[in-house]
file protein_25.csv (CSV, C-alpha atoms and all ligand atoms)
chain,number,residue,atom,x,y,z
A,1,MET,CA,0.0,0.0,0.0
A,2,ILE,CA,1.0,3.6,-0.5
A,3,LEU,CA,-0.4,6.4,1.7
A,4,ILE,CA,0.1,10.0,0.5
A,5,LYS,CA,-0.5,12.2,3.5
A,6,ASN,CA,-1.8,15.7,3.7
A,7,ALA,CA,-1.3,16.8,0.0
A,8,LEU,CA,-2.9,19.9,-1.5
A,9,ASN,CA,-5.4,19.0,-4.1
A,10,LEU,CA,-6.6,20.8,-7.3
A,11,ASP,CA,-9.5,22.4,-5.4
A,12,GLY,CA,-7.2,23.9,-2.8
A,13,PHE,CA,-8.0,21.5,0.1
A,14,ARG,CA,-5.7,19.2,2.0
A,15,THR,CA,-6.3,15.5,1.3
A,16,SER,CA,-4.8,12.0,1.9
A,17,ILE,CA,-4.8,9.3,-0.7
A,18,LEU,CA,-4.5,5.6,0.1
A,19,ILE,CA,-3.5,3.3,-2.8
A,20,GLU,CA,-3.9,-0.5,-2.7
A,21,GLU,CA,-2.3,-2.4,-5.5
A,22,ASN,CA,-3.1,-0.5,-8.6
A,23,ARG,CA,-6.2,1.4,-7.4
A,24,ILE,CA,-7.1,4.3,-5.2
A,25,LEU,CA,-8.8,2.9,-2.1
A,26,LYS,CA,-9.6,6.1,-0.2
A,27,VAL,CA,-9.4,9.8,-0.7
A,28,GLN,CA,-10.1,11.7,2.6
A,29,SER,CA,-8.9,14.7,4.5
A,30,ASP,CA,-7.4,12.4,7.1
A,31,ILE,CA,-7.1,8.6,6.8
A,32,LYS,CA,-6.9,6.7,10.1
A,33,VAL,CA,-6.9,3.0,9.4
A,34,ASP,CA,-4.6,0.2,10.5
A,35,LEU,CA,-2.0,-0.2,7.7
A,36,PRO,CA,0.2,-3.1,6.9
A,37,PRO,CA,3.8,-2.6,8.2
A,38,ASP,CA,5.3,-2.4,4.6
A,39,THR,CA,3.0,0.5,3.7
A,40,ILE,CA,5.0,3.3,2.0
A,41,ILE,CA,4.0,6.6,3.6
A,42,ILE,CA,4.7,9.8,1.7
A,43,ASP,CA,4.5,13.0,3.7
A,44,ALA,CA,3.0,15.3,1.0
A,45,SER,CA,2.4,18.4,3.2
A,46,ASP,CA,4.7,20.3,0.7
A,47,LYS,CA,3.2,18.7,-2.4
A,48,LEU,CA,0.3,19.2,-4.8
A,49,ALA,CA,-1.3,15.9,-5.7
A,50,VAL,CA,-3.0,15.6,-9.1
A,51,SER,CA,-4.2,12.8,-11.4
A,52,GLY,CA,-1.7,11.7,-14.1
A,53,PHE,CA,-1.7,13.4,-17.5
A,54,PHE,CA,-2.4,11.7,-20.9
A,55,ASN,CA,-0.4,12.5,-24.0
A,56,ALA,CA,-3.1,11.6,-26.5
A,57,HIS,CA,-1.1,12.0,-29.7
A,58,THR,CA,2.6,11.3,-30.2
A,59,HIS,CA,5.1,9.4,-32.2
A,60,ALA,CA,7.4,8.5,-29.4
A,61,ALA,CA,10.4,7.1,-31.3
A,62,MET,CA,10.8,10.3,-33.2
A,63,THR,CA,12.9,11.6,-30.3
A,64,LEU,CA,15.7,10.4,-32.6
A,65,PHE,CA,14.8,13.3,-35.1
A,66,ARG,CA,14.5,16.0,-32.4
A,67,GLY,CA,15.9,19.2,-33.9
A,68,TYR,CA,17.0,17.5,-37.2
A,69,GLN,CA,14.6,19.4,-39.4
A,70,ASP,CA,13.1,22.7,-38.0
A,71,ASP,CA,11.4,25.7,-39.5
A,72,LEU,CA,9.6,24.1,-42.4
A,73,SER,CA,5.9,23.7,-43.3
A,74,LEU,CA,4.2,20.3,-42.8
A,75,GLN,CA,4.6,19.0,-46.4
A,76,ASP,CA,8.3,20.1,-46.7
A,77,TRP,CA,9.0,18.7,-43.3
A,78,LEU,CA,7.2,15.3,-44.1
A,79,ASP,CA,9.3,14.9,-47.3
A,80,LYS,CA,12.5,15.1,-45.2
A,81,ILE,CA,11.2,13.0,-42.4
A,82,PHE,CA,9.8,10.1,-44.6
A,83,LYS,CA,13.3,9.9,-46.1
A,84,LEU,CA,15.0,9.7,-42.7
A,85,GLU,CA,12.5,7.1,-41.5
A,86,ALA,CA,13.1,4.9,-44.6
A,87,LYS,CA,16.8,4.9,-43.7
A,88,TYR,CA,16.9,4.7,-39.9
A,89,VAL,CA,13.7,3.3,-38.5
A,90,ASP,CA,14.1,-0.3,-37.3
A,91,LYS,CA,13.1,-2.4,-34.2
A,92,HIS,CA,16.2,-1.4,-32.2
A,93,MET,CA,15.7,2.3,-32.9
A,94,VAL,CA,12.0,2.3,-32.0
A,95,TYR,CA,12.6,0.5,-28.7
A,96,TRP,CA,15.4,2.8,-27.4
A,97,CYS,CA,14.1,6.1,-28.8
A,98,SER,CA,10.6,5.3,-27.5
A,99,LYS,CA,12.1,4.5,-24.1
A,100,LEU,CA,13.8,7.9,-24.1
A,101,ALA,CA,10.4,9.4,-24.9
A,102,CYS,CA,8.8,7.5,-22.0
A,103,LEU,CA,11.4,8.9,-19.6
A,104,GLU,CA,10.7,12.4,-20.9
A,105,MET,CA,7.0,12.0,-20.6
A,106,VAL,CA,7.1,10.6,-17.0
A,107,SER,CA,9.4,13.4,-15.9
A,108,CYS,CA,6.7,15.8,-17.0
A,109,GLY,CA,3.9,14.0,-15.2
A,110,THR,CA,2.5,12.0,-18.1
A,111,THR,CA,1.3,8.5,-17.0
A,112,GLY,CA,-0.1,7.3,-20.3
A,113,PHE,CA,0.1,8.1,-24.0
A,114,MET,CA,-1.3,7.2,-27.4
A,115,ASP,CA,1.3,6.4,-30.1
A,116,MET,CA,1.3,6.0,-33.9
A,117,TYR,CA,4.5,4.8,-35.5
A,118,PHE,CA,6.2,1.7,-36.8
A,119,PHE,CA,7.3,-1.5,-34.9
A,120,GLU,CA,4.6,-0.6,-32.2
A,121,ASP,CA,5.3,-3.8,-30.4
A,122,GLU,CA,8.6,-2.1,-29.4
A,123,VAL,CA,6.8,1.0,-28.3
A,124,ALA,CA,4.5,-1.1,-26.0
A,125,GLN,CA,7.6,-2.9,-24.6
A,126,SER,CA,9.4,0.4,-23.9
A,127,ALA,CA,6.3,1.8,-22.2
A,128,LEU,CA,5.9,-1.3,-20.0
A,129,ASP,CA,9.6,-1.3,-19.1
A,130,VAL,CA,9.4,2.3,-17.9
A,131,GLY,CA,5.9,1.7,-16.4
A,132,LEU,CA,3.6,3.8,-18.5
A,133,ARG,CA,0.2,3.0,-19.9
A,134,VAL,CA,0.0,3.1,-23.7
A,135,VAL,CA,-2.3,2.9,-26.7
A,136,ILE,CA,-0.3,1.7,-29.7
A,137,GLY,CA,-1.2,2.0,-33.3
A,138,GLU,CA,0.8,0.6,-36.2
A,139,GLY,CA,1.0,3.4,-38.8
A,140,LEU,CA,-1.0,2.3,-41.8
A,141,LEU,CA,-0.2,3.9,-45.2
A,142,SER,CA,-0.9,2.9,-48.8
A,143,PHE,CA,2.8,2.7,-49.6
A,144,GLU,CA,5.8,0.8,-48.2
A,145,THR,CA,6.9,1.8,-44.7
A,146,PRO,CA,10.0,0.8,-42.7
A,147,PHE,CA,7.8,-1.8,-41.1
A,148,CYS,CA,5.4,-3.0,-43.8
A,149,ALA,CA,5.6,-3.7,-47.5
A,150,SER,CA,2.0,-2.9,-48.0
A,151,PHE,CA,-1.2,-1.6,-46.3
A,152,LYS,CA,-2.5,-5.2,-46.1
A,153,GLU,CA,0.6,-6.3,-44.2
A,154,GLY,CA,0.1,-3.4,-41.7
A,155,LEU,CA,-3.4,-4.4,-41.1
A,156,LYS,CA,-2.4,-8.0,-40.5
A,157,LYS,CA,0.2,-6.9,-38.0
A,158,THR,CA,-2.3,-4.7,-36.2
A,159,LEU,CA,-4.6,-7.7,-35.8
A,160,GLN,CA,-1.6,-9.7,-34.4
A,161,LEU,CA,-0.8,-6.9,-31.9
A,162,LYS,CA,-4.5,-6.9,-30.8
A,163,GLU,CA,-4.3,-10.6,-30.1
A,164,LYS,CA,-1.0,-10.3,-28.3
A,165,TYR,CA,-2.1,-7.6,-25.9
A,166,LYS,CA,-5.8,-8.5,-25.4
A,167,ASN,CA,-5.2,-9.4,-21.8
A,168,ASN,CA,-2.7,-6.7,-20.9
A,169,PRO,CA,-4.5,-4.0,-18.9
A,170,LYS,CA,-1.8,-1.4,-19.5
A,171,VAL,CA,-1.7,-1.7,-23.3
A,172,LYS,CA,-4.5,-1.0,-25.8
A,173,VAL,CA,-4.2,-1.5,-29.5
A,174,SER,CA,-5.7,0.9,-32.0
A,175,PHE,CA,-5.9,0.9,-35.8
A,176,ALA,CA,-3.8,3.8,-37.0
A,177,PRO,CA,-4.4,4.9,-40.6
A,178,HIS,CA,-2.0,7.8,-41.0
A,179,SER,CA,-4.2,10.3,-42.8
A,180,LEU,CA,-6.6,10.7,-45.7
A,181,TYR,CA,-3.8,12.0,-47.9
A,182,THR,CA,-1.4,9.0,-47.4
A,183,LEU,CA,-4.1,6.3,-47.8
A,184,GLU,CA,-6.1,5.3,-50.9
A,185,LYS,CA,-9.9,5.1,-50.6
A,186,ASN,CA,-9.9,1.3,-51.2
A,187,ASP,CA,-7.5,0.7,-48.3
A,188,LEU,CA,-9.7,2.9,-46.0
A,189,GLU,CA,-12.7,0.8,-47.1
A,190,GLU,CA,-10.9,-2.4,-46.4
A,191,LEU,CA,-10.0,-1.1,-42.9
A,192,ALA,CA,-13.6,-0.2,-42.3
A,193,SER,CA,-14.7,-3.7,-43.2
A,194,THR,CA,-12.0,-5.3,-41.1
A,195,ILE,CA,-12.6,-3.5,-37.7
A,196,ASP,CA,-15.5,-4.2,-35.3
A,197,SER,CA,-17.5,-1.6,-33.4
A,198,ASN,CA,-15.2,-1.8,-30.3
A,199,ASP,CA,-12.0,-1.1,-32.2
A,200,TYR,CA,-10.1,2.2,-31.7
A,201,ILE,CA,-9.1,4.3,-34.7
A,202,GLN,CA,-6.6,7.1,-34.6
A,203,ILE,CA,-5.9,9.3,-37.7
A,204,HIS,CA,-4.4,12.7,-38.5
A,205,LEU,CA,-7.2,15.0,-39.9
A,206,SER,CA,-7.3,18.5,-41.3
A,207,GLU,CA,-3.8,19.4,-40.0
A,208,ASN,CA,-3.2,22.2,-42.5
A,209,MET,CA,-5.0,24.0,-45.3
A,210,ASN,CA,-3.0,22.1,-48.0
A,211,GLU,CA,-4.4,18.9,-46.7
A,212,VAL,CA,-7.9,20.3,-46.5
A,213,ASN,CA,-7.7,21.4,-50.2
A,214,THR,CA,-6.2,18.1,-51.3
A,215,ILE,CA,-9.0,16.2,-49.7
A,216,LEU,CA,-11.7,18.5,-51.1
A,217,SER,CA,-10.4,18.2,-54.6
A,218,LYS,CA,-10.0,14.4,-54.3
A,219,TYR,CA,-13.3,13.6,-52.6
A,220,GLY,CA,-15.5,16.7,-53.2
A,221,GLN,CA,-16.1,17.0,-49.5
A,222,ASN,CA,-14.2,17.7,-46.2
A,223,GLY,CA,-12.3,15.0,-44.4
A,224,ALA,CA,-14.7,14.3,-41.5
A,225,PHE,CA,-17.5,13.6,-44.1
A,226,VAL,CA,-15.1,11.3,-46.0
A,227,LEU,CA,-14.3,9.3,-42.9
A,228,ASP,CA,-18.0,9.1,-42.0
A,229,GLU,CA,-19.0,7.9,-45.5
A,230,ILE,CA,-16.4,5.2,-45.4
A,231,GLY,CA,-17.5,4.1,-41.9
A,232,LEU,CA,-14.6,5.3,-39.8
A,233,LEU,CA,-16.1,8.0,-37.7
A,234,ASN,CA,-17.6,6.9,-34.4
A,235,LYS,CA,-17.2,7.1,-30.6
A,236,ASN,CA,-13.9,5.2,-30.9
A,237,THR,CA,-12.3,7.5,-33.4
A,238,TYR,CA,-9.5,9.9,-32.3
A,239,LEU,CA,-8.7,12.7,-34.7
A,240,ALA,CA,-5.3,14.4,-34.3
A,241,HIS,CA,-4.9,18.1,-35.1
A,242,CYS,CA,-8.2,19.1,-36.6
A,243,THR,CA,-6.8,22.6,-37.1
A,244,HIS,CA,-9.1,23.7,-39.9
A,245,LEU,CA,-12.5,21.9,-39.4
A,246,THR,CA,-15.6,23.5,-40.9
A,247,GLU,CA,-18.6,24.2,-38.7
A,248,ALA,CA,-20.4,21.3,-40.4
A,249,GLU,CA,-17.5,19.0,-39.6
A,250,ILE,CA,-17.5,20.0,-35.9
A,251,ASP,CA,-21.2,19.3,-35.8
A,252,LEU,CA,-20.7,15.9,-37.4
A,253,ILE,CA,-17.8,14.9,-35.1
A,254,SER,CA,-20.0,16.0,-32.1
A,255,LYS,CA,-23.0,14.0,-33.4
A,256,LYS,CA,-20.8,10.9,-33.9
A,257,ASN,CA,-19.2,11.3,-30.4
A,258,ALA,CA,-15.7,11.1,-32.0
A,259,HIS,CA,-12.7,12.7,-30.2
A,260,VAL,CA,-10.4,15.5,-31.3
A,261,ILE,CA,-6.8,15.7,-30.1
A,262,HIS,CA,-5.4,19.2,-29.9
A,263,ASN,CA,-1.7,19.6,-30.7
A,264,PRO,CA,-1.1,23.3,-30.4
A,265,GLN,CA,2.7,23.4,-30.3
A,266,SER,CA,3.2,21.2,-33.4
A,267,ASN,CA,0.4,23.1,-35.2
A,268,LEU,CA,2.4,26.3,-34.5
A,269,LYS,CA,5.8,24.9,-35.4
A,270,LEU,CA,4.7,23.5,-38.7
A,271,SER,CA,2.9,26.7,-39.5
A,272,SER,CA,-0.4,24.7,-39.8
A,273,GLY,CA,-2.7,27.0,-37.8
A,274,ILE,CA,-4.6,27.3,-34.6
A,275,ALA,CA,-7.5,25.0,-33.9
A,276,ASN,CA,-10.6,26.6,-32.3
A,277,VAL,CA,-11.1,24.0,-29.7
A,278,CYS,CA,-13.2,26.2,-27.5
A,279,LYS,CA,-15.8,26.1,-30.2
A,280,MET,CA,-15.5,22.3,-30.4
A,281,ILE,CA,-16.0,21.9,-26.7
A,282,GLN,CA,-19.0,24.3,-26.7
A,283,LYS,CA,-20.5,22.1,-29.4
A,284,GLY,CA,-20.0,19.0,-27.2
A,285,VAL,CA,-16.9,17.5,-28.8
A,286,SER,CA,-14.5,15.5,-26.6
A,287,VAL,CA,-11.1,17.3,-26.8
A,288,LEU,CA,-7.9,15.7,-25.6
A,289,LEU,CA,-4.3,17.0,-25.6
A,290,GLY,CA,-1.2,15.7,-27.3
A,291,THR,CA,2.3,16.9,-28.0
A,292,ASP,CA,2.7,15.2,-31.4
A,293,GLY,CA,6.2,13.7,-32.1
A,294,CYS,CA,9.5,15.2,-31.0
A,295,ALA,CA,10.4,16.1,-34.6
A,296,SER,CA,7.7,18.7,-34.8
A,297,ASN,CA,7.5,20.1,-31.2
A,298,ASN,CA,10.4,19.5,-30.1
A,299,ASN,CA,9.7,18.1,-26.7
A,300,LEU,CA,7.1,15.9,-25.0
A,301,ASP,CA,6.3,18.2,-22.2
A,302,ILE,CA,2.5,18.0,-21.6
A,303,LEU,CA,2.7,20.9,-19.1
A,304,GLU,CA,4.0,23.2,-21.8
A,305,GLU,CA,1.3,21.9,-24.1
A,306,LEU,CA,-1.3,22.6,-21.5
A,307,ARG,CA,-0.1,26.1,-21.1
A,308,THR,CA,0.1,26.7,-24.8
A,309,ALA,CA,-3.4,25.4,-25.3
A,310,ALA,CA,-4.8,27.6,-22.6
A,311,LEU,CA,-3.0,30.7,-23.8
A,312,LEU,CA,-3.8,30.3,-27.5
A,313,GLN,CA,-7.5,30.0,-27.0
A,314,LYS,CA,-7.4,33.6,-25.6
A,315,LEU,CA,-7.3,34.6,-29.2
A,316,PHE,CA,-10.9,33.5,-29.5
A,317,ASN,CA,-12.2,34.0,-26.0
A,318,PRO,CA,-10.3,35.2,-22.9
A,319,SER,CA,-12.3,33.2,-20.4
A,320,TYR,CA,-13.6,30.0,-22.0
A,321,MET,CA,-10.4,27.9,-21.8
A,322,ASN,CA,-9.8,28.7,-18.2
A,323,ALA,CA,-7.1,27.0,-16.1
A,324,LYS,CA,-9.3,24.3,-14.8
A,325,LEU,CA,-10.7,23.3,-18.2
A,326,ALA,CA,-7.1,23.2,-19.6
A,327,VAL,CA,-6.0,20.9,-16.8
A,328,ARG,CA,-9.1,18.7,-17.3
A,329,ILE,CA,-8.3,18.3,-21.0
A,330,ALA,CA,-4.7,17.3,-20.3
A,331,GLN,CA,-5.9,14.7,-17.7
A,332,ASP,CA,-8.5,13.2,-20.0
A,333,PHE,CA,-7.6,9.6,-20.8
A,334,GLY,CA,-10.2,9.5,-23.6
A,335,GLY,CA,-12.0,6.4,-22.2
A,336,PHE,CA,-8.9,4.2,-22.6
A,337,PHE,CA,-8.0,3.9,-18.9
A,338,ASP,CA,-10.1,4.6,-15.9
A,339,VAL,CA,-7.7,7.0,-14.2
A,340,GLY,CA,-8.6,9.7,-11.7
A,341,LEU,CA,-8.1,11.0,-8.2
A,342,SER,CA,-11.1,9.3,-6.6
A,343,GLU,CA,-11.9,6.0,-4.9
A,344,GLY,CA,-11.9,3.0,-7.1
A,345,LYS,CA,-9.9,4.6,-10.0
A,346,LEU,CA,-6.6,3.4,-11.3
A,347,ALA,CA,-3.8,5.0,-9.3
A,348,ASP,CA,-1.9,7.4,-11.4
A,349,VAL,CA,-0.8,10.3,-9.1
A,350,VAL,CA,1.6,13.1,-9.8
A,351,LEU,CA,3.1,15.1,-6.9
A,352,PHE,CA,4.4,18.6,-7.6
A,353,ASP,CA,6.9,20.3,-5.4
A,354,LEU,CA,5.2,23.3,-3.6
A,355,ASN,CA,8.6,24.6,-2.5
A,356,ALA,CA,9.5,25.3,-6.1
A,357,ILE,CA,10.1,29.0,-6.7
A,358,GLU,CA,7.5,29.2,-9.4
A,359,ALA,CA,4.9,27.7,-7.0
A,360,LEU,CA,5.0,30.6,-4.6
A,361,PRO,CA,2.6,32.0,-3.5
A,362,MET,CA,-0.1,29.4,-4.1
A,363,TYR,CA,-3.6,30.8,-4.4
A,364,ASN,CA,-5.1,28.5,-7.0
A,365,PRO,CA,-3.5,25.1,-7.9
A,366,ALA,CA,-5.2,24.9,-11.4
A,367,SER,CA,-3.8,28.3,-12.2
A,368,TYR,CA,-0.4,27.2,-11.1
A,369,LEU,CA,-0.5,24.0,-13.3
A,370,SER,CA,-1.8,25.9,-16.4
A,371,TYR,CA,0.3,29.1,-16.2
A,372,ALA,CA,3.3,28.7,-13.9
A,373,ALA,CA,4.4,25.1,-13.4
A,374,ASN,CA,6.9,23.4,-15.6
A,375,SER,CA,8.2,19.8,-15.7
A,376,LYS,CA,11.0,20.7,-13.2
A,377,SER,CA,8.2,21.1,-10.6
A,378,VAL,CA,7.3,17.4,-10.9
A,379,ASP,CA,8.7,15.5,-7.9
A,380,THR,CA,7.0,12.1,-7.9
A,381,VAL,CA,5.0,10.0,-10.4
A,382,ILE,CA,3.0,7.0,-9.4
A,383,ILE,CA,1.6,4.8,-12.2
A,384,ASP,CA,-0.7,1.9,-11.7
A,385,GLY,CA,0.1,2.0,-8.0
A,386,LYS,CA,3.9,1.9,-8.5
A,387,ILE,CA,6.3,4.7,-7.7
A,388,ILE,CA,8.1,5.2,-11.1
A,389,TYR,CA,9.8,8.5,-10.3
A,390,LYS,CA,10.7,9.9,-6.9
A,391,ASN,CA,12.6,13.1,-5.9
A,392,LYS,CA,13.0,13.7,-9.6
A,393,GLU,CA,14.8,10.4,-10.2
A,394,PHE,CA,13.6,7.2,-11.9
A,395,THR,CA,13.3,4.3,-9.4
A,396,ASN,CA,13.7,1.4,-11.7
A,397,VAL,CA,15.2,2.4,-15.1
A,398,ASP,CA,18.8,2.6,-16.1
A,399,VAL,CA,18.6,6.1,-17.6
A,400,GLY,CA,22.3,6.0,-18.6
A,401,GLU,CA,21.7,2.9,-20.7
A,402,VAL,CA,18.8,4.6,-22.5
A,403,LYS,CA,20.9,7.7,-23.2
A,404,PHE,CA,23.8,5.6,-24.4
A,405,ASN,CA,21.8,3.6,-26.9
A,406,VAL,CA,20.0,6.6,-28.3
A,407,ALA,CA,23.4,8.4,-28.7
A,408,GLN,CA,24.8,5.4,-30.6
A,409,ILE,CA,21.8,5.4,-33.0
A,410,ALA,CA,22.0,9.2,-33.5
A,411,LYS,CA,25.7,8.9,-34.5
A,412,LYS,CA,24.6,7.2,-37.7
A,413,ILE,CA,22.4,10.2,-38.6
A,414,GLY,CA,25.2,12.6,-37.6
A,415,SER,CA,27.3,11.1,-40.5
A,416,LEU,CA,24.8,12.2,-43.1
B,501,ZN,ZN,1.2,13.2,-35.6

call {"tool": "encode", "arguments": {"input": "protein_25.csv", "output": "structure tokens"}}
result
Amino acid sequence: MILIKNALNLDGFRTSILIEENRILKVQSDIKVDLPPDTIIIDASDKLAVSGFFNAHTHAAMTLFRGYQDDLSLQDWLDKIFKLEAKYVDKHMVYWCSKLACLEMVSCGTTGFMDMYFFEDEVAQSALDVGLRVVIGEGLLSFETPFCASFKEGLKKTLQLKEKYKNNPKVKVSFAPHSLYTLEKNDLEELASTIDSNDYIQIHLSENMNEVNTILSKYGQNGAFVLDEIGLLNKNTYLAHCTHLTEAEIDLISKKNAHVIHNPQSNLKLSSGIANVCKMIQKGVSVLLGTDGCASNNNLDILEELRTAALLQKLFNPSYMNAKLAVRIAQDFGGFFDVGLSEGKLADVVLFDLNAIEALPMYNPASYLSYAANSKSVDTVIIDGKIIYKNKEFTNVDVGEVKFNVAQIAKKIGSL
């Protein structure tokens, strides 16, 4: 058992949290029960305790390409990145570079993430080895990838992953068609006829105006309508970016109960635009938050992303995306995992150091998380009832080994 004593919570009250195995057993102002002698007791009187954050859209292994190609638009950037991937992406690279990403995410308070890339079995393994929850998705494209010779092969491998992880509570498997512009219609139709109603789908949609115009001229309608017509828009669909949705698309996504993943920093860096997520939320759309991959961000800091999301929406409305709403979006696990700071929920808890300079004075914890905190303020991260990170150190990962392996892989790119 773990007892977190006397922490400040998001509402500004003192609370204690008792964790048994991987679930939260009690949340009370003071917990007085007989505890087993091996209970870990954390005095959290100088800590803020919050539920873990979910990074809903990333490509973890792209840490390898951090800073390799900056200051380009999406299409120019993708041209360069696809060439790099064809040359350098393999199983070994995906494992170690995803593991580096997992370390970065945990150190920022992220306890779960959704990934789309290649060799996703390795992504799952790296997440499990560090301790994170993960939703994996083998990138499906209508051309050869570093992992698959064809779309059909990618589909087959996704089905194999689904079978492999069907009993693993920390890994979910999604179908991950990359986008409408990298997939042919017949492949999308084959995907729609392969999946069942419980399967998850993640896809990039309406990332920039170039994509919007390409889809309009190819299909004669906007992307959300194309997905709906093919049978790929439902409550288990997760749409990354959605920077340029029309009003009609927002209404359709809301009606279908699909989810939008907001990636504000990547959208800015690739000059894609600013998604009006306030409008989407007002229309009842479920909005989650993601960093996107390291090659277009260039970090995986969910706290930075949260802050950017909250600040950018001020362009549309100064008050709607308030601090509490921004935090809620960053903590939304999108229905994948039942995480939260209440009794019976899965125990993902992040403790922030209230002695940090940027934490003083403390009037409003949600304001602090949205506008002042940074990843250096994260002190302890508990995932699934296990302490993964304590006093800003990993408890069970050889960080030096991860850094060494990534550096060895990066040396090959350095020789380009
Ligand atoms: Zn992406």

call {"tool": "closest_residue", "arguments": {"input": "protein_25.csv", "among": "A:Leu360, A:Val134, A:Ile261, A:Ala240", "to": "ligand ZN 501 (chain B)", "atoms": "all atoms listed in the file"}}
result
A:Ala240

call {"tool": "atom_distance", "arguments": {"input": "protein_25.csv", "atom1": "CA of Ser370 in chain A", "atom2": "CA of Met105 in chain A"}}
result
17.0 Å

call {"tool": "residues_around", "arguments": {"input": "protein_25.csv", "residues": "range 53-56 of chain A", "least_positions_apart": "3", "cutoff": "8 Å", "atoms": "only C-alpha atoms", "output": "MDAnalysis selection string"}}
result
chainID A and resid 109:115 261 288:291 302 330:334

call {"tool": "closest_atom_pairs", "arguments": {"input": "protein_25.csv", "of": "chain A", "to": "ligand ZN 501 (chain B)", "cutoff": "10 Å", "atoms": "only C-alpha atoms and all ligand atoms", "output": "Markdown table"}}
result
| residue | atom | partner | partner_atom | distance |
| --- | --- | --- | --- | --- |
| A:His57 | CA | B:ZN501 | ZN | 6.4 |
| A:Thr58 | CA | B:ZN501 | ZN | 5.9 |
| A:His59 | CA | B:ZN501 | ZN | 6.4 |
| A:Ala60 | CA | B:ZN501 | ZN | 9.9 |
| A:Asp115 | CA | B:ZN501 | ZN | 8.7 |
| A:Met116 | CA | B:ZN501 | ZN | 7.4 |
| A:Tyr117 | CA | B:ZN501 | ZN | 9.0 |
| A:His178 | CA | B:ZN501 | ZN | 8.3 |
| A:Ser179 | CA | B:ZN501 | ZN | 9.5 |
| A:Gln202 | CA | B:ZN501 | ZN | 10.0 |
| A:Ile203 | CA | B:ZN501 | ZN | 8.4 |
| A:His204 | CA | B:ZN501 | ZN | 6.3 |
| A:Leu205 | CA | B:ZN501 | ZN | 9.6 |
| A:Glu207 | CA | B:ZN501 | ZN | 9.1 |
| A:Leu239 | CA | B:ZN501 | ZN | 10.0 |
| A:Ala240 | CA | B:ZN501 | ZN | 6.7 |
| A:His241 | CA | B:ZN501 | ZN | 7.8 |
| A:Asn263 | CA | B:ZN501 | ZN | 8.6 |
| A:Ser266 | CA | B:ZN501 | ZN | 8.5 |
| A:Asn267 | CA | B:ZN501 | ZN | 9.9 |
| A:Gly290 | CA | B:ZN501 | ZN | 9.0 |
| A:Thr291 | CA | B:ZN501 | ZN | 8.5 |
| A:Asp292 | CA | B:ZN501 | ZN | 4.9 |
| A:Gly293 | CA | B:ZN501 | ZN | 6.1 |
| A:Cys294 | CA | B:ZN501 | ZN | 9.7 |
| A:Ala295 | CA | B:ZN501 | ZN | 9.7 |
| A:Ser296 | CA | B:ZN501 | ZN | 8.6 |

call {"tool": "atom_distance", "arguments": {"input": "protein_25.csv", "atom1": "CA of Glu358 in chain A", "atom2": "CA of Lys390 in chain A"}}
result
19.7 Å

call {"tool": "atom_distance", "arguments": {"input": "protein_25.csv", "atom1": "CA of Asn257 in chain A", "atom2": "CA of Glu190 in chain A"}}
result
22.6 Å

call {"tool": "closest_residue", "arguments": {"input": "protein_25.csv", "among": "A:His244, A:Lys345, A:Lys269, A:Lys5", "to": "Ala44 in chain A", "atoms": "only C-alpha atoms"}}
result
A:Lys5

call {"tool": "closest_residue", "arguments": {"input": "protein_25.csv", "among": "A:Leu72, A:Leu303, A:Leu155, A:Ala410", "to": "Ser193 in chain A", "atoms": "all atoms listed in the file"}}
result
A:Leu155

call {"tool": "closest_residue", "arguments": {"input": "protein_25.csv", "among": "A:Pro36, A:Ala86, A:Leu341, A:Lys166", "to": "Cys148 in chain A", "atoms": "all atoms listed in the file"}}
result
A:Ala86

call {"tool": "closest_residue", "arguments": {"input": "protein_25.csv", "among": "A:Leu103, A:Met209, A:Val33, A:Leu8", "to": "Leu354 in chain A", "atoms": "only C-alpha atoms"}}
result
A:Leu8

call {"tool": "residues_near_point", "arguments": {"input": "protein_25.csv", "point": "(-13.9, 9.5, -45.2)", "cutoff": "12 Å", "atoms": "all atoms listed in the file", "output": "PyMOL selection string"}}
result
chain A and resi 177+179-181+183-189+191-192+203+205-206+215-216+218-234+249

call {"tool": "residues_around", "arguments": {"input": "protein_25.csv", "residues": "Asn396 in chain A", "least_positions_apart": "4", "cutoff": "12 Å", "atoms": "all atoms listed in the file", "output": "VMD selection string"}}
result
chain A and resid 103 128 to 131 386 to 390 400

call {"tool": "write_last_selection", "arguments": {"input": "protein_25.csv", "atoms": "C-alpha atoms", "output": "PDB file, in the coordinates of the input"}}
result
ATOM      1  CA  LEU A 103      11.400   8.900 -19.600  1.00  0.00           C
ATOM      2  CA  LEU A 128       5.900  -1.300 -20.000  1.00  0.00           C
ATOM      3  CA  ASP A 129       9.600  -1.300 -19.100  1.00  0.00           C
ATOM      4  CA  VAL A 130       9.400   2.300 -17.900  1.00  0.00           C
ATOM      5  CA  GLY A 131       5.900   1.700 -16.400  1.00  0.00           C
ATOM      6  CA  LYS A 386       3.900   1.900  -8.500  1.00  0.00           C
ATOM      7  CA  ILE A 387       6.300   4.700  -7.700  1.00  0.00           C
ATOM      8  CA  ILE A 388       8.100   5.200 -11.100  1.00  0.00           C
ATOM      9  CA  TYR A 389       9.800   8.500 -10.300  1.00  0.00           C
ATOM     10  CA  LYS A 390      10.700   9.900  -6.900  1.00  0.00           C
ATOM     11  CA  GLY A 400      22.300   6.000 -18.600  1.00  0.00           C
TER      12      GLY A 400
END

call {"tool": "closest_residue", "arguments": {"input": "protein_25.csv", "among": "A:Asn210, A:Lys255, A:Ile250, A:Thr145", "to": "Gly273 in chain A", "atoms": "all atoms listed in the file"}}
result
A:Asn210
